[in-house]
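Colleague: Here it is: the structure, laid out below.
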Amino acid sequence: MKTVSLTIDGNKIKAREGDKILWAALNNGIYIPNLCALRDIAEPAADCRLCFVEVEGYSKPVTACTEPLRKGMVVNTKGPNALRLARTALELLLASLPVDCAHCASNRACEIQKIAHHLGSKLKSKRFRKLLRKLPVDSSSPVFIYDPNKCVLCGRCVWICRERLGIGALGFAHRGFQRIVTTFADEPIGESKCRDCGECVIACPTGALTFKEQQAKLKEGKPIL
Ligand code: FES
């Protein structure tokens with residue numbers, strides 16, 4: 001495939017034409033917040049709205065995970081309009097997430113912490129009313145625990161289980177605020193066709209899916225990472 005030259009945050013880089021801005025930036029050490037994008041997905045749903053960037057000549061910010069590269073493009077990942085949109089998306093997400101990092105097995109490995117730090121946002125924003133779902137935690141797998149309350153609906157686990165591994169134990173159910181990642185007929189994971197490979201846990205950007213081993217270390221006060 002043809003390579004093109006472009007500029008991101010003042011850095012001149014080369015990348016494959018048609019590739020998305022997000023991957024060109026990340027490949028070159030330039031971080032753009034993201035949750036719902038996966039390299040294997042050609043047309044991401046762009047649901048998380050965290051990857052906004054500004055492009056010279058464009059009238060409004062675009063999502064970096066969907067915008068293809070063009071020759072000579074000038075991208076600014078820190079433009080005020082892009083940052084404002086990304087910060088709002090993060091605050092909306094946090095409004096329905098329990099934030100208790102000290103008691104979470106993903107503390108310091110959580111993508112939400114990284115994104116908040118990058119955007120200069122607080123994890124305990126008061127701008128939007130907190131609305132928690134209070135869903136039951138599923139510990140039925142011998143390998144991992146699924147806490148749907150910490151799920152950001154990025155879809156990484158669903159995609160990996162279904163498309164990459166061909167298992168399809170996880171999927172989305174319901175709409176709007178009720179939308180969740182669950183198994184067929186909402187059965188416990190331990191009774192579903194899950195094979196306990198743990199790939200979904202590795203893909204999860206938050207503490208929604210964590211290994212039981214991590215949870216045990218957390219309880220014992222041992223370092224997890
Ligand atoms: S990563 Fe682009 S919208 Fe989620």
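So you can find residues: chains in the structure tokens are A, B, ... in the order shown, residues in each start at 1, and ligands are numbered from 1 in order.
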List every residue of segment 6-220 of chain A that DSSP, applied to the backbone of this structure, places in alpha helix (DSSP H), and write the result as a PyMOL selection string.

Modeller: chain A and resi 21-27+80-94+111-119+156-159+199-203+212-220

Colleague: Taking a cut-off of 10 Å and counting only C-alpha atoms, can you build a table that, for each residue of segment 35-119 of chain A near segment 156-174 of chain A, reports the nearest atom pair and how far apart they are in Å (one decimal), sorted by chain then residue number, as a tab-separated table?

Modeller:
residue	atom	partner	partner_atom	distance
A:Leu35	CA	A:Arg156	CA	8.3
A:Cys36	CA	A:Arg156	CA	6.7
A:Ala37	CA	A:Arg156	CA	7.8
A:Leu38	CA	A:Arg156	CA	7.1
A:Asp40	CA	A:Arg164	CA	9.0
A:Ile41	CA	A:Trp159	CA	8.9

Colleague: Can you tell me which residues sit at most 9 Å away from ligand 1, counting only C-alpha atoms and all ligand atoms, written as a list in words?

Modeller: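 Those within range of ligand 1 are Leu22, Ile32, Pro33, Asn34, Leu35, Cys36, Ala37, Leu38, Pro44, Ala45, Ala46, Asp47, Cys48, Arg49, Leu50, Cys51, Phe52, Thr63, Ala64, Cys65, Thr66 and Cys154 of chain A.
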
Colleague: Would you list the contacts of Gly29 of chain A as number ranges by chain, taking every protein, DNA or RNA residue within 12 Å and counting only C-alpha atoms, but skipping same-chain residues closer than 2 positions in sequence?

Modeller: A: 8-9, 11, 13, 22-27, 31-32

Colleague: With N, CA, C and O atoms retained, could you export that selection as an mmCIF file, in the first residue's frame?

Modeller:
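New file selection.cif:
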data_model
loop_
_atom_site.group_PDB
_atom_site.id
_atom_site.type_symbol
_atom_site.label_atom_id
_atom_site.label_comp_id
_atom_site.auth_asym_id
_atom_site.auth_seq_id
_atom_site.Cartn_x
_atom_site.Cartn_y
_atom_site.Cartn_z
ATOM 1 N N ILE A 8 1.385 15.285 12.565
ATOM 2 C CA ILE A 8 0.522 15.174 13.752
ATOM 3 C C ILE A 8 1.233 15.884 14.903
ATOM 4 O O ILE A 8 2.367 15.540 15.246
ATOM 5 N N ASP A 9 0.573 16.856 15.468
ATOM 6 C CA ASP A 9 1.143 17.657 16.568
ATOM 7 C C ASP A 9 2.543 18.177 16.228
ATOM 8 O O ASP A 9 3.465 18.140 17.063
ATOM 9 N N ASN A 11 4.720 16.839 14.371
ATOM 10 C CA ASN A 11 5.677 15.781 13.996
ATOM 11 C C ASN A 11 5.376 15.294 12.586
ATOM 12 O O ASN A 11 4.237 14.905 12.299
ATOM 13 N N ILE A 13 5.301 12.601 9.936
ATOM 14 C CA ILE A 13 5.358 11.141 9.968
ATOM 15 C C ILE A 13 4.940 10.565 8.614
ATOM 16 O O ILE A 13 4.358 11.263 7.786
ATOM 17 N N LEU A 22 -5.910 7.512 14.079
ATOM 18 C CA LEU A 22 -5.618 6.957 15.406
ATOM 19 C C LEU A 22 -4.401 6.042 15.378
ATOM 20 O O LEU A 22 -3.489 6.159 16.195
ATOM 21 N N TRP A 23 -4.387 5.111 14.416
ATOM 22 C CA TRP A 23 -3.302 4.116 14.388
ATOM 23 C C TRP A 23 -1.985 4.759 13.953
ATOM 24 O O TRP A 23 -0.917 4.384 14.460
ATOM 25 N N ALA A 24 -2.056 5.717 13.046
ATOM 26 C CA ALA A 24 -0.826 6.416 12.626
ATOM 27 C C ALA A 24 -0.227 7.151 13.829
ATOM 28 O O ALA A 24 0.986 7.128 14.040
ATOM 29 N N ALA A 25 -1.081 7.785 14.619
ATOM 30 C CA ALA A 25 -0.598 8.517 15.792
ATOM 31 C C ALA A 25 0.003 7.544 16.811
ATOM 32 O O ALA A 25 1.146 7.713 17.250
ATOM 33 N N LEU A 26 -0.739 6.516 17.166
ATOM 34 C CA LEU A 26 -0.257 5.567 18.178
ATOM 35 C C LEU A 26 1.022 4.868 17.718
ATOM 36 O O LEU A 26 1.939 4.654 18.512
ATOM 37 N N ASN A 27 1.095 4.533 16.443
ATOM 38 C CA ASN A 27 2.303 3.876 15.914
ATOM 39 C C ASN A 27 3.526 4.768 16.031
ATOM 40 O O ASN A 27 4.655 4.301 15.997
ATOM 41 N N TYR A 31 -0.154 9.730 21.698
ATOM 42 C CA TYR A 31 -1.345 9.134 22.308
ATOM 43 C C TYR A 31 -2.609 9.936 22.000
ATOM 44 O O TYR A 31 -2.632 11.166 22.121
ATOM 45 N N ILE A 32 -3.636 9.229 21.585
ATOM 46 C CA ILE A 32 -4.981 9.810 21.442
ATOM 47 C C ILE A 32 -5.893 8.905 22.270
ATOM 48 O O ILE A 32 -5.890 7.680 22.085
#

Colleague: Leaving out Leu69 of chain A and any residue of its chain fewer than 2 positions from it, which residues lie within 6 Å of it when counting only C-alpha atoms, given as an NGL selection string?

Modeller: :A and (17-21)

Colleague: Could you pull the residues within 9 Å of Asn107 of chain A, counting only C-alpha atoms, minus those fewer than 6 positions along the same chain, as a ChimeraX atom specification?

Modeller: /A:100-101,113,206-207,224

Colleague: Report, in Å with one decimal, the straight-line distance from atom CA of Glu56 of chain A to atom CA of Val4 of chain A.

Modeller: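 Taking atom CA of Glu56 of chain A as the start and atom CA of Val4 of chain A as the end point, the length is 16.4 Å.
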
Colleague: How many Å separate atom CA of Lys130 of chain A from atom CA of Val99 of chain A?

Modeller: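 Computing the Euclidean distance for atom CA of Lys130 of chain A and atom CA of Val99 of chain A yields 10.6 Å.
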